[in-house]
file input01.txt (compact mmCIF, N, CA and C atoms)
# COMPACT_ATOMS: atom_id res chain seq x y z
N MET A 1 13.85 -18.98 -7.62
CA MET A 1 14.26 -19.20 -6.25
C MET A 1 14.07 -20.68 -5.91
N PRO A 2 14.96 -21.26 -5.11
CA PRO A 2 14.84 -22.67 -4.72
C PRO A 2 13.53 -22.93 -3.99
N GLY A 3 12.92 -24.09 -4.28
CA GLY A 3 11.71 -24.49 -3.59
C GLY A 3 10.43 -23.91 -4.17
N MET A 4 10.54 -23.12 -5.23
CA MET A 4 9.35 -22.53 -5.84
C MET A 4 8.97 -23.32 -7.08
N ASN A 5 7.68 -23.46 -7.31
CA ASN A 5 7.24 -24.09 -8.55
C ASN A 5 7.25 -23.05 -9.67
N SER A 6 7.02 -23.48 -10.90
CA SER A 6 7.14 -22.57 -12.04
C SER A 6 6.09 -21.45 -11.99
N TYR A 7 4.90 -21.74 -11.46
CA TYR A 7 3.87 -20.70 -11.33
C TYR A 7 4.33 -19.62 -10.37
N GLU A 8 4.86 -20.00 -9.20
CA GLU A 8 5.34 -19.03 -8.22
C GLU A 8 6.50 -18.22 -8.78
N THR A 9 7.39 -18.86 -9.51
CA THR A 9 8.52 -18.17 -10.12
C THR A 9 8.03 -17.13 -11.12
N GLU A 10 7.04 -17.51 -11.93
CA GLU A 10 6.47 -16.57 -12.91
C GLU A 10 5.76 -15.41 -12.22
N GLN A 11 5.02 -15.71 -11.16
CA GLN A 11 4.32 -14.66 -10.41
C GLN A 11 5.32 -13.66 -9.84
N ASN A 12 6.41 -14.16 -9.26
CA ASN A 12 7.43 -13.27 -8.70
C ASN A 12 8.08 -12.42 -9.79
N ALA A 13 8.34 -13.01 -10.95
CA ALA A 13 8.91 -12.26 -12.06
C ALA A 13 7.97 -11.12 -12.47
N ASN A 14 6.67 -11.41 -12.51
CA ASN A 14 5.69 -10.38 -12.83
C ASN A 14 5.69 -9.28 -11.77
N LEU A 15 5.81 -9.66 -10.50
CA LEU A 15 5.84 -8.67 -9.42
C LEU A 15 7.09 -7.80 -9.49
N TYR A 16 8.23 -8.41 -9.79
CA TYR A 16 9.46 -7.61 -9.92
C TYR A 16 9.29 -6.53 -10.97
N SER A 17 8.71 -6.90 -12.09
CA SER A 17 8.47 -5.95 -13.17
C SER A 17 7.49 -4.86 -12.71
N TRP A 18 6.40 -5.29 -12.07
CA TRP A 18 5.39 -4.36 -11.56
C TRP A 18 6.01 -3.39 -10.56
N GLY A 19 6.91 -3.88 -9.73
CA GLY A 19 7.52 -3.08 -8.68
C GLY A 19 8.34 -1.90 -9.16
N GLU A 20 8.69 -1.90 -10.43
CA GLU A 20 9.44 -0.77 -10.99
C GLU A 20 8.57 0.48 -11.12
N GLU A 21 7.25 0.31 -11.01
CA GLU A 21 6.35 1.44 -11.23
C GLU A 21 5.45 1.77 -10.05
N VAL A 22 5.72 1.16 -8.88
CA VAL A 22 4.94 1.51 -7.68
C VAL A 22 5.47 2.82 -7.12
N GLY A 23 4.83 3.32 -6.07
CA GLY A 23 5.25 4.58 -5.47
C GLY A 23 6.70 4.59 -5.04
N GLU A 24 7.25 5.79 -5.00
CA GLU A 24 8.68 5.98 -4.75
C GLU A 24 9.17 5.33 -3.45
N GLU A 25 8.46 5.52 -2.37
CA GLU A 25 8.93 5.00 -1.08
C GLU A 25 8.88 3.48 -1.02
N VAL A 26 7.77 2.89 -1.45
CA VAL A 26 7.64 1.43 -1.37
C VAL A 26 8.55 0.75 -2.40
N ARG A 27 8.87 1.45 -3.48
CA ARG A 27 9.76 0.90 -4.50
C ARG A 27 11.14 0.57 -3.92
N LYS A 28 11.56 1.34 -2.92
CA LYS A 28 12.88 1.15 -2.31
C LYS A 28 13.04 -0.25 -1.70
N SER A 29 11.95 -0.83 -1.23
CA SER A 29 12.04 -2.14 -0.57
C SER A 29 11.16 -3.20 -1.25
N TYR A 30 10.70 -2.93 -2.46
CA TYR A 30 9.75 -3.82 -3.12
C TYR A 30 10.31 -5.22 -3.33
N HIS A 31 11.55 -5.33 -3.78
CA HIS A 31 12.14 -6.66 -4.00
C HIS A 31 12.21 -7.44 -2.70
N GLN A 32 12.52 -6.76 -1.62
CA GLN A 32 12.56 -7.42 -0.32
C GLN A 32 11.16 -7.90 0.09
N LEU A 33 10.14 -7.10 -0.21
CA LEU A 33 8.76 -7.50 0.11
C LEU A 33 8.36 -8.77 -0.65
N ILE A 34 8.86 -8.91 -1.87
CA ILE A 34 8.57 -10.12 -2.65
C ILE A 34 9.35 -11.30 -2.08
N GLU A 35 10.66 -11.13 -1.94
CA GLU A 35 11.53 -12.23 -1.53
C GLU A 35 11.23 -12.74 -0.13
N SER A 36 10.80 -11.87 0.75
CA SER A 36 10.49 -12.30 2.12
C SER A 36 9.15 -13.01 2.22
N GLY A 37 8.35 -12.95 1.15
CA GLY A 37 7.02 -13.55 1.17
C GLY A 37 5.96 -12.63 1.73
N PHE A 38 6.32 -11.39 2.04
CA PHE A 38 5.38 -10.43 2.62
C PHE A 38 4.18 -10.21 1.70
N ILE A 39 4.46 -9.97 0.43
CA ILE A 39 3.36 -9.70 -0.51
C ILE A 39 2.45 -10.91 -0.65
N SER A 40 3.04 -12.10 -0.80
CA SER A 40 2.20 -13.29 -0.96
C SER A 40 1.42 -13.62 0.31
N GLU A 41 1.93 -13.24 1.46
CA GLU A 41 1.25 -13.52 2.73
C GLU A 41 0.14 -12.50 3.02
N TYR A 42 0.42 -11.22 2.82
CA TYR A 42 -0.50 -10.18 3.30
C TYR A 42 -1.27 -9.44 2.21
N LEU A 43 -0.81 -9.51 0.95
CA LEU A 43 -1.45 -8.73 -0.11
C LEU A 43 -1.90 -9.57 -1.29
N SER A 44 -2.13 -10.85 -1.06
CA SER A 44 -2.52 -11.73 -2.15
C SER A 44 -4.01 -11.97 -2.24
N GLY A 45 -4.78 -11.46 -1.30
CA GLY A 45 -6.23 -11.62 -1.36
C GLY A 45 -6.79 -10.96 -2.61
N LEU A 46 -7.99 -11.32 -2.97
CA LEU A 46 -8.60 -10.78 -4.19
C LEU A 46 -8.96 -9.31 -4.08
N ASN A 47 -9.24 -8.84 -2.87
CA ASN A 47 -9.70 -7.46 -2.68
C ASN A 47 -8.68 -6.70 -1.84
N VAL A 48 -7.85 -5.91 -2.51
CA VAL A 48 -6.79 -5.15 -1.85
C VAL A 48 -6.92 -3.69 -2.27
N LEU A 49 -6.88 -2.81 -1.29
CA LEU A 49 -6.88 -1.37 -1.56
C LEU A 49 -5.50 -0.81 -1.26
N ASP A 50 -5.04 0.14 -2.06
CA ASP A 50 -3.79 0.85 -1.83
C ASP A 50 -4.16 2.33 -1.70
N ILE A 51 -4.19 2.81 -0.46
CA ILE A 51 -4.60 4.18 -0.17
C ILE A 51 -3.43 5.13 -0.40
N GLY A 52 -3.65 6.17 -1.20
CA GLY A 52 -2.62 7.17 -1.46
C GLY A 52 -1.47 6.64 -2.30
N TYR A 53 -1.75 5.75 -3.20
CA TYR A 53 -0.70 5.03 -3.93
C TYR A 53 0.14 5.91 -4.86
N ARG A 54 -0.41 6.99 -5.36
CA ARG A 54 0.33 7.79 -6.32
C ARG A 54 1.29 8.78 -5.68
N GLY A 55 0.89 9.37 -4.59
CA GLY A 55 1.74 10.39 -4.00
C GLY A 55 1.91 11.55 -4.97
N TYR A 56 3.16 11.93 -5.23
CA TYR A 56 3.45 13.08 -6.10
C TYR A 56 3.76 12.67 -7.53
N ILE A 57 3.74 11.37 -7.81
CA ILE A 57 4.08 10.90 -9.15
C ILE A 57 2.97 10.01 -9.67
N ASP A 58 3.04 9.66 -10.94
CA ASP A 58 2.09 8.72 -11.50
C ASP A 58 2.63 7.32 -11.23
N ALA A 59 2.03 6.62 -10.31
CA ALA A 59 2.52 5.30 -9.90
C ALA A 59 1.39 4.28 -9.98
N LYS A 60 1.77 3.02 -9.84
CA LYS A 60 0.80 1.93 -9.82
C LYS A 60 0.56 1.50 -8.38
N PRO A 61 -0.59 0.87 -8.09
CA PRO A 61 -0.83 0.33 -6.75
C PRO A 61 0.18 -0.77 -6.41
N ILE A 62 0.25 -1.13 -5.16
CA ILE A 62 1.25 -2.05 -4.62
C ILE A 62 1.31 -3.40 -5.34
N VAL A 63 0.20 -3.96 -5.75
CA VAL A 63 0.16 -5.22 -6.51
C VAL A 63 -0.81 -5.04 -7.67
N PRO A 64 -0.65 -5.83 -8.74
CA PRO A 64 -1.49 -5.65 -9.93
C PRO A 64 -2.99 -5.72 -9.69
N HIS A 65 -3.43 -6.53 -8.74
CA HIS A 65 -4.87 -6.68 -8.52
C HIS A 65 -5.44 -5.68 -7.51
N ALA A 66 -4.59 -4.81 -6.95
CA ALA A 66 -5.06 -3.83 -5.97
C ALA A 66 -5.77 -2.68 -6.66
N ILE A 67 -6.71 -2.10 -5.94
CA ILE A 67 -7.38 -0.89 -6.40
C ILE A 67 -6.66 0.29 -5.76
N GLY A 68 -6.15 1.18 -6.59
CA GLY A 68 -5.47 2.37 -6.09
C GLY A 68 -6.48 3.44 -5.73
N ILE A 69 -6.36 3.95 -4.51
CA ILE A 69 -7.28 4.98 -4.02
C ILE A 69 -6.50 6.27 -3.79
N ASP A 70 -6.93 7.33 -4.44
CA ASP A 70 -6.40 8.67 -4.22
C ASP A 70 -7.59 9.62 -4.16
N LEU A 71 -7.32 10.89 -3.92
CA LEU A 71 -8.41 11.84 -3.72
C LEU A 71 -9.35 11.96 -4.92
N ASP A 72 -8.89 11.58 -6.12
CA ASP A 72 -9.76 11.67 -7.29
C ASP A 72 -10.53 10.38 -7.58
N PHE A 73 -10.45 9.39 -6.66
CA PHE A 73 -11.18 8.14 -6.86
C PHE A 73 -12.68 8.40 -6.71
N PRO A 74 -13.50 7.91 -7.64
CA PRO A 74 -14.94 8.16 -7.58
C PRO A 74 -15.56 7.73 -6.25
N GLY A 75 -16.26 8.66 -5.61
CA GLY A 75 -16.96 8.38 -4.36
C GLY A 75 -16.09 8.50 -3.12
N TYR A 76 -14.80 8.79 -3.27
CA TYR A 76 -13.91 8.91 -2.11
C TYR A 76 -13.75 10.39 -1.77
N ASP A 77 -14.00 10.73 -0.52
CA ASP A 77 -13.92 12.12 -0.09
C ASP A 77 -12.67 12.41 0.75
N GLY A 78 -11.75 11.49 0.76
CA GLY A 78 -10.54 11.67 1.55
C GLY A 78 -10.67 11.14 2.96
N ARG A 79 -11.86 10.68 3.30
CA ARG A 79 -12.10 10.15 4.64
C ARG A 79 -12.84 8.82 4.61
N THR A 80 -13.92 8.75 3.83
CA THR A 80 -14.76 7.56 3.79
C THR A 80 -14.58 6.84 2.47
N LEU A 81 -14.19 5.58 2.56
CA LEU A 81 -13.99 4.76 1.36
C LEU A 81 -15.33 4.31 0.78
N PRO A 82 -15.46 4.33 -0.54
CA PRO A 82 -16.73 3.94 -1.17
C PRO A 82 -16.83 2.42 -1.37
N PHE A 83 -16.63 1.67 -0.29
CA PHE A 83 -16.70 0.21 -0.33
C PHE A 83 -17.53 -0.26 0.85
N PRO A 84 -18.22 -1.39 0.69
CA PRO A 84 -19.05 -1.91 1.77
C PRO A 84 -18.21 -2.38 2.97
N ASP A 85 -18.85 -2.45 4.12
CA ASP A 85 -18.23 -3.01 5.32
C ASP A 85 -17.73 -4.42 5.03
N SER A 86 -16.60 -4.77 5.63
CA SER A 86 -16.04 -6.12 5.58
C SER A 86 -15.91 -6.66 4.15
N SER A 87 -15.45 -5.82 3.23
CA SER A 87 -15.36 -6.24 1.82
C SER A 87 -13.93 -6.42 1.32
N GLN A 88 -12.93 -6.03 2.11
CA GLN A 88 -11.55 -6.03 1.62
C GLN A 88 -10.67 -7.02 2.39
N ASP A 89 -9.80 -7.71 1.65
CA ASP A 89 -8.85 -8.63 2.27
C ASP A 89 -7.67 -7.89 2.88
N ALA A 90 -7.31 -6.75 2.30
CA ALA A 90 -6.18 -5.97 2.81
C ALA A 90 -6.36 -4.51 2.43
N VAL A 91 -5.90 -3.64 3.32
CA VAL A 91 -5.78 -2.21 3.04
C VAL A 91 -4.32 -1.87 3.27
N PHE A 92 -3.69 -1.33 2.24
CA PHE A 92 -2.27 -0.98 2.27
C PHE A 92 -2.14 0.52 2.11
N SER A 93 -1.23 1.12 2.88
CA SER A 93 -0.96 2.54 2.75
C SER A 93 0.49 2.80 3.09
N SER A 94 1.21 3.43 2.17
CA SER A 94 2.62 3.73 2.39
C SER A 94 2.84 5.24 2.33
N HIS A 95 3.33 5.79 3.42
CA HIS A 95 3.68 7.20 3.52
C HIS A 95 2.50 8.11 3.16
N THR A 96 1.34 7.76 3.67
CA THR A 96 0.13 8.55 3.44
C THR A 96 -0.49 9.00 4.76
N LEU A 97 -0.54 8.12 5.74
CA LEU A 97 -1.24 8.40 6.98
C LEU A 97 -0.76 9.69 7.64
N GLU A 98 0.53 9.98 7.56
CA GLU A 98 1.07 11.17 8.21
C GLU A 98 0.61 12.47 7.54
N HIS A 99 -0.03 12.36 6.37
CA HIS A 99 -0.54 13.53 5.67
C HIS A 99 -2.04 13.73 5.87
N ILE A 100 -2.68 12.86 6.61
CA ILE A 100 -4.13 12.92 6.81
C ILE A 100 -4.42 13.63 8.13
N GLN A 101 -5.16 14.73 8.03
CA GLN A 101 -5.44 15.54 9.21
C GLN A 101 -6.22 14.76 10.26
N ASP A 102 -7.33 14.15 9.89
CA ASP A 102 -8.13 13.38 10.84
C ASP A 102 -7.82 11.89 10.64
N TYR A 103 -6.59 11.50 11.00
CA TYR A 103 -6.13 10.13 10.76
C TYR A 103 -6.93 9.11 11.55
N ARG A 104 -7.46 9.47 12.69
CA ARG A 104 -8.26 8.52 13.48
C ARG A 104 -9.52 8.10 12.71
N ALA A 105 -10.20 9.07 12.11
CA ALA A 105 -11.41 8.77 11.34
C ALA A 105 -11.05 7.91 10.12
N SER A 106 -9.93 8.22 9.48
CA SER A 106 -9.51 7.42 8.32
C SER A 106 -9.20 5.99 8.74
N LEU A 107 -8.48 5.82 9.82
CA LEU A 107 -8.16 4.47 10.30
C LEU A 107 -9.43 3.69 10.63
N GLN A 108 -10.39 4.35 11.26
CA GLN A 108 -11.66 3.69 11.57
C GLN A 108 -12.34 3.21 10.29
N ASP A 109 -12.30 4.03 9.25
CA ASP A 109 -12.93 3.64 8.00
C ASP A 109 -12.16 2.53 7.31
N TRP A 110 -10.84 2.56 7.39
CA TRP A 110 -10.03 1.48 6.81
C TRP A 110 -10.37 0.15 7.49
N PHE A 111 -10.53 0.19 8.81
CA PHE A 111 -10.92 -1.02 9.55
C PHE A 111 -12.33 -1.45 9.16
N ARG A 112 -13.21 -0.49 8.93
CA ARG A 112 -14.59 -0.80 8.56
C ARG A 112 -14.66 -1.68 7.31
N VAL A 113 -13.84 -1.38 6.31
CA VAL A 113 -13.93 -2.13 5.05
C VAL A 113 -13.18 -3.46 5.08
N LEU A 114 -12.35 -3.68 6.10
CA LEU A 114 -11.59 -4.94 6.20
C LEU A 114 -12.49 -6.11 6.59
N LYS A 115 -12.25 -7.24 5.94
CA LYS A 115 -12.90 -8.48 6.35
C LYS A 115 -12.30 -8.93 7.67
N VAL A 116 -13.04 -9.73 8.42
CA VAL A 116 -12.49 -10.35 9.61
C VAL A 116 -11.29 -11.19 9.18
N GLY A 117 -10.16 -11.00 9.82
CA GLY A 117 -8.94 -11.71 9.44
C GLY A 117 -8.16 -11.02 8.34
N GLY A 118 -8.65 -9.85 7.88
CA GLY A 118 -7.94 -9.09 6.85
C GLY A 118 -6.73 -8.38 7.42
N TYR A 119 -5.96 -7.77 6.54
CA TYR A 119 -4.71 -7.13 6.95
C TYR A 119 -4.73 -5.64 6.66
N LEU A 120 -4.35 -4.85 7.65
CA LEU A 120 -4.15 -3.43 7.50
C LEU A 120 -2.65 -3.20 7.56
N VAL A 121 -2.06 -2.80 6.44
CA VAL A 121 -0.61 -2.61 6.36
C VAL A 121 -0.35 -1.12 6.16
N ILE A 122 0.29 -0.51 7.15
CA ILE A 122 0.57 0.92 7.10
C ILE A 122 2.06 1.15 7.27
N ILE A 123 2.63 1.89 6.35
CA ILE A 123 4.05 2.25 6.44
C ILE A 123 4.10 3.76 6.61
N VAL A 124 4.79 4.20 7.66
CA VAL A 124 4.98 5.63 7.92
C VAL A 124 6.46 5.88 8.18
N PRO A 125 6.92 7.10 7.92
CA PRO A 125 8.34 7.39 8.17
C PRO A 125 8.63 7.40 9.66
N HIS A 126 9.81 6.96 10.02
CA HIS A 126 10.27 7.00 11.40
C HIS A 126 10.91 8.36 11.64
N GLN A 127 10.52 9.02 12.73
CA GLN A 127 10.97 10.39 12.94
C GLN A 127 12.49 10.53 13.11
N TYR A 128 13.19 9.48 13.50
CA TYR A 128 14.64 9.59 13.68
C TYR A 128 15.43 8.91 12.57
N LEU A 129 14.81 7.99 11.84
CA LEU A 129 15.54 7.24 10.82
C LEU A 129 15.32 7.77 9.41
N TYR A 130 14.28 8.53 9.20
CA TYR A 130 13.96 9.02 7.87
C TYR A 130 14.84 10.20 7.52
N GLU A 131 15.26 10.28 6.27
CA GLU A 131 16.12 11.38 5.85
C GLU A 131 15.46 12.73 6.12
N LYS A 132 16.26 13.74 6.35
CA LYS A 132 15.72 15.08 6.59
C LYS A 132 16.43 16.05 5.65
N LYS A 133 15.63 16.81 4.91
CA LYS A 133 16.15 17.82 3.99
C LYS A 133 15.46 19.13 4.29
N LEU A 134 16.05 20.21 3.80
CA LEU A 134 15.44 21.52 4.01
C LEU A 134 14.19 21.72 3.16
N ALA A 135 14.14 21.03 2.01
CA ALA A 135 12.99 21.18 1.12
C ALA A 135 12.44 19.80 0.75
N PRO A 136 11.15 19.71 0.46
CA PRO A 136 10.56 18.44 0.06
C PRO A 136 11.18 17.96 -1.25
N PRO A 137 11.19 16.67 -1.54
CA PRO A 137 10.71 15.64 -0.64
C PRO A 137 11.72 15.33 0.44
N SER A 138 11.23 15.00 1.59
CA SER A 138 12.07 14.59 2.69
C SER A 138 11.36 13.52 3.46

call {"tool": "encode", "arguments": {"input": "input01.txt", "output": "structure tokens"}}
result
Amino acid sequence: MPGMNSYETEQNANLYSWGEEVGEEVRKSYHQLIESGFISEYLSGLNVLDIGYRGYIDAKPIVPHAIGIDLDFPGYDGRTLPFPDSSQDAVFSSHTLEHIQDYRASLQDWFRVLKVGGYLVIIVPHQYLYEKKLAPPS
């Protein structure tokens, strides 16, 4: 891309490749997230969590350095993250929050682990814009 140095170009190439194996929903817009600078702006910190990253398939977390959190993650009970207060640069979650029964408690815990100035990135389906089918996935 114009205006990028060789390191940035290589990093983006690595992300494009990585993006082929992220979760199904985020994969749809992954190239746009790279090209717009979203990933480099909000998910480039050293400590990034990806909550619910696998969904129904075997997927990778949003970026290579992110820790993928699912229900089988050691010490995670589906509500409380096993990380210290103010320890994360970003918490990312795509199409997960709408499946959490006590979403308020989960959001409070996600905020708990964020550093001051950290980013909480949540993607949820829009009730009128998201496709609707008679059977999952929808």

call {"tool": "atom_distance", "arguments": {"input": "input01.txt", "atom1": "CA of Arg112 (chain A)", "atom2": "CA of His65 (chain A)"}}
result
20.5 Å

call {"tool": "select_by_dssp", "arguments": {"input": "input01.txt", "residues": "chain A", "states": "alpha helix (DSSP H)", "output": "ChimeraX atom specification"}}
result
/A:6-18,24-27,30-35,38-42,103-113

call {"tool": "residues_near_point", "arguments": {"input": "input01.txt", "point": "(-4.7, -0.4, 9.6)", "cutoff": "8 Å", "atoms": "only C-alpha atoms", "output": "ChimeraX atom specification"}}
result
/A:91-92,107,110-111,119-122

call {"tool": "residues_around", "arguments": {"input": "input01.txt", "residues": "Tyr53 (chain A)", "least_positions_apart": "6", "cutoff": "6.5 Å", "atoms": "all atoms listed in the file", "output": "list in words"}}
result
Gly23, Ala59, Lys60, Pro61, Ile62, Gly68, Ile69 and Asp70 of chain A

call {"tool": "residues_around", "arguments": {"input": "input01.txt", "residues": "region 31-48 of chain A", "least_positions_apart": "4", "cutoff": "12 Å", "atoms": "only C-alpha atoms", "output": "PyMOL selection string"}}
result
chain A and resi 1-2+4+8-9+11-20+22+26-27+61-69+83-84+86-93+110+113-115+117-122

call {"tool": "write_last_selection", "arguments": {"input": "input01.txt", "atoms": "N, CA and C atoms", "output": "short mmCIF file (atom, residue, chain, number, x, y, z; two decimals), in the frame of the given file"}}
result
data_model
loop_
_atom_site.label_atom_id
_atom_site.label_comp_id
_atom_site.auth_asym_id
_atom_site.auth_seq_id
_atom_site.Cartn_x
_atom_site.Cartn_y
_atom_site.Cartn_z
N MET A 1 13.85 -18.98 -7.62
CA MET A 1 14.26 -19.20 -6.25
C MET A 1 14.07 -20.68 -5.91
N PRO A 2 14.96 -21.26 -5.11
CA PRO A 2 14.84 -22.67 -4.72
C PRO A 2 13.53 -22.93 -3.99
N MET A 4 10.54 -23.12 -5.23
CA MET A 4 9.35 -22.53 -5.84
C MET A 4 8.97 -23.32 -7.08
N GLU A 8 4.86 -20.00 -9.20
CA GLU A 8 5.34 -19.03 -8.22
C GLU A 8 6.50 -18.22 -8.78
N THR A 9 7.39 -18.86 -9.51
CA THR A 9 8.52 -18.17 -10.12
C THR A 9 8.03 -17.13 -11.12
N GLN A 11 5.02 -15.71 -11.16
CA GLN A 11 4.32 -14.66 -10.41
C GLN A 11 5.32 -13.66 -9.84
N ASN A 12 6.41 -14.16 -9.26
CA ASN A 12 7.43 -13.27 -8.70
C ASN A 12 8.08 -12.42 -9.79
N ALA A 13 8.34 -13.01 -10.95
CA ALA A 13 8.91 -12.26 -12.06
C ALA A 13 7.97 -11.12 -12.47
N ASN A 14 6.67 -11.41 -12.51
CA ASN A 14 5.69 -10.38 -12.83
C ASN A 14 5.69 -9.28 -11.77
N LEU A 15 5.81 -9.66 -10.50
CA LEU A 15 5.84 -8.67 -9.42
C LEU A 15 7.09 -7.80 -9.49
N TYR A 16 8.23 -8.41 -9.79
CA TYR A 16 9.46 -7.61 -9.92
C TYR A 16 9.29 -6.53 -10.97
N SER A 17 8.71 -6.90 -12.09
CA SER A 17 8.47 -5.95 -13.17
C SER A 17 7.49 -4.86 -12.71
N TRP A 18 6.40 -5.29 -12.07
CA TRP A 18 5.39 -4.36 -11.56
C TRP A 18 6.01 -3.39 -10.56
N GLY A 19 6.91 -3.88 -9.73
CA GLY A 19 7.52 -3.08 -8.68
C GLY A 19 8.34 -1.90 -9.16
N GLU A 20 8.69 -1.90 -10.43
CA GLU A 20 9.44 -0.77 -10.99
C GLU A 20 8.57 0.48 -11.12
N VAL A 22 5.72 1.16 -8.88
CA VAL A 22 4.94 1.51 -7.68
C VAL A 22 5.47 2.82 -7.12
N VAL A 26 7.77 2.89 -1.45
CA VAL A 26 7.64 1.43 -1.37
C VAL A 26 8.55 0.75 -2.40
N ARG A 27 8.87 1.45 -3.48
CA ARG A 27 9.76 0.90 -4.50
C ARG A 27 11.14 0.57 -3.92
N PRO A 61 -0.59 0.87 -8.09
CA PRO A 61 -0.83 0.33 -6.75
C PRO A 61 0.18 -0.77 -6.41
N ILE A 62 0.25 -1.13 -5.16
CA ILE A 62 1.25 -2.05 -4.62
C ILE A 62 1.31 -3.40 -5.34
N VAL A 63 0.20 -3.96 -5.75
CA VAL A 63 0.16 -5.22 -6.51
C VAL A 63 -0.81 -5.04 -7.67
N PRO A 64 -0.65 -5.83 -8.74
CA PRO A 64 -1.49 -5.65 -9.93
C PRO A 64 -2.99 -5.72 -9.69
N HIS A 65 -3.43 -6.53 -8.74
CA HIS A 65 -4.87 -6.68 -8.52
C HIS A 65 -5.44 -5.68 -7.51
N ALA A 66 -4.59 -4.81 -6.95
CA ALA A 66 -5.06 -3.83 -5.97
C ALA A 66 -5.77 -2.68 -6.66
N ILE A 67 -6.71 -2.10 -5.94
CA ILE A 67 -7.38 -0.89 -6.40
C ILE A 67 -6.66 0.29 -5.76
N GLY A 68 -6.15 1.18 -6.59
CA GLY A 68 -5.47 2.37 -6.09
C GLY A 68 -6.48 3.44 -5.73
N ILE A 69 -6.36 3.95 -4.51
CA ILE A 69 -7.28 4.98 -4.02
C ILE A 69 -6.50 6.27 -3.79
N PHE A 83 -16.63 1.67 -0.29
CA PHE A 83 -16.70 0.21 -0.33
C PHE A 83 -17.53 -0.26 0.85
N PRO A 84 -18.22 -1.39 0.69
CA PRO A 84 -19.05 -1.91 1.77
C PRO A 84 -18.21 -2.38 2.97
N SER A 86 -16.60 -4.77 5.63
CA SER A 86 -16.04 -6.12 5.58
C SER A 86 -15.91 -6.66 4.15
N SER A 87 -15.45 -5.82 3.23
CA SER A 87 -15.36 -6.24 1.82
C SER A 87 -13.93 -6.42 1.32
N GLN A 88 -12.93 -6.03 2.11
CA GLN A 88 -11.55 -6.03 1.62
C GLN A 88 -10.67 -7.02 2.39
N ASP A 89 -9.80 -7.71 1.65
CA ASP A 89 -8.85 -8.63 2.27
C ASP A 89 -7.67 -7.89 2.88
N ALA A 90 -7.31 -6.75 2.30
CA ALA A 90 -6.18 -5.97 2.81
C ALA A 90 -6.36 -4.51 2.43
N VAL A 91 -5.90 -3.64 3.32
CA VAL A 91 -5.78 -2.21 3.04
C VAL A 91 -4.32 -1.87 3.27
N PHE A 92 -3.69 -1.33 2.24
CA PHE A 92 -2.27 -0.98 2.27
C PHE A 92 -2.14 0.52 2.11
N SER A 93 -1.23 1.12 2.88
CA SER A 93 -0.96 2.54 2.75
C SER A 93 0.49 2.80 3.09
N TRP A 110 -10.84 2.56 7.39
CA TRP A 110 -10.03 1.48 6.81
C TRP A 110 -10.37 0.15 7.49
N VAL A 113 -13.84 -1.38 6.31
CA VAL A 113 -13.93 -2.13 5.05
C VAL A 113 -13.18 -3.46 5.08
N LEU A 114 -12.35 -3.68 6.10
CA LEU A 114 -11.59 -4.94 6.20
C LEU A 114 -12.49 -6.11 6.59
N LYS A 115 -12.25 -7.24 5.94
CA LYS A 115 -12.90 -8.48 6.35
C LYS A 115 -12.30 -8.93 7.67
N GLY A 117 -10.16 -11.00 9.82
CA GLY A 117 -8.94 -11.71 9.44
C GLY A 117 -8.16 -11.02 8.34
N GLY A 118 -8.65 -9.85 7.88
CA GLY A 118 -7.94 -9.09 6.85
C GLY A 118 -6.73 -8.38 7.42
N TYR A 119 -5.96 -7.77 6.54
CA TYR A 119 -4.71 -7.13 6.95
C TYR A 119 -4.73 -5.64 6.66
N LEU A 120 -4.35 -4.85 7.65
CA LEU A 120 -4.15 -3.43 7.50
C LEU A 120 -2.65 -3.20 7.56
N VAL A 121 -2.06 -2.80 6.44
CA VAL A 121 -0.61 -2.61 6.36
C VAL A 121 -0.35 -1.12 6.16
N ILE A 122 0.29 -0.51 7.15
CA ILE A 122 0.57 0.92 7.10
C ILE A 122 2.06 1.15 7.27
#

call {"tool": "atom_distance", "arguments": {"input": "input01.txt", "atom1": "CA of Gly55 (chain A)", "atom2": "atom N of Leu81 (chain A)"}}
result
17.9 Å

call {"tool": "atom_distance", "arguments": {"input": "input01.txt", "atom1": "CA of Gly75 (chain A)", "atom2": "CA of Asp50 (chain A)"}}
result
15.4 Å

call {"tool": "select_by_dssp", "arguments": {"input": "input01.txt", "residues": "region 4-106 of chain A", "states": "strand (DSSP E or B)", "output": "NGL selection string"}}
result
:A and (22 or 48-51 or 60 or 67-69 or 88-94)

call {"tool": "closest_residue", "arguments": {"input": "input01.txt", "among": "A:Val124, A:Phe73, A:Val116, A:Arg54", "to": "Glu98 (chain A)", "atoms": "all atoms listed in the file"}}
result
A:Val124

call {"tool": "closest_residue", "arguments": {"input": "input01.txt", "among": "A:Asp77, A:Asp102, A:Asp85, A:Ser94", "to": "Ile123 (chain A)", "atoms": "all atoms listed in the file"}}
result
A:Ser94
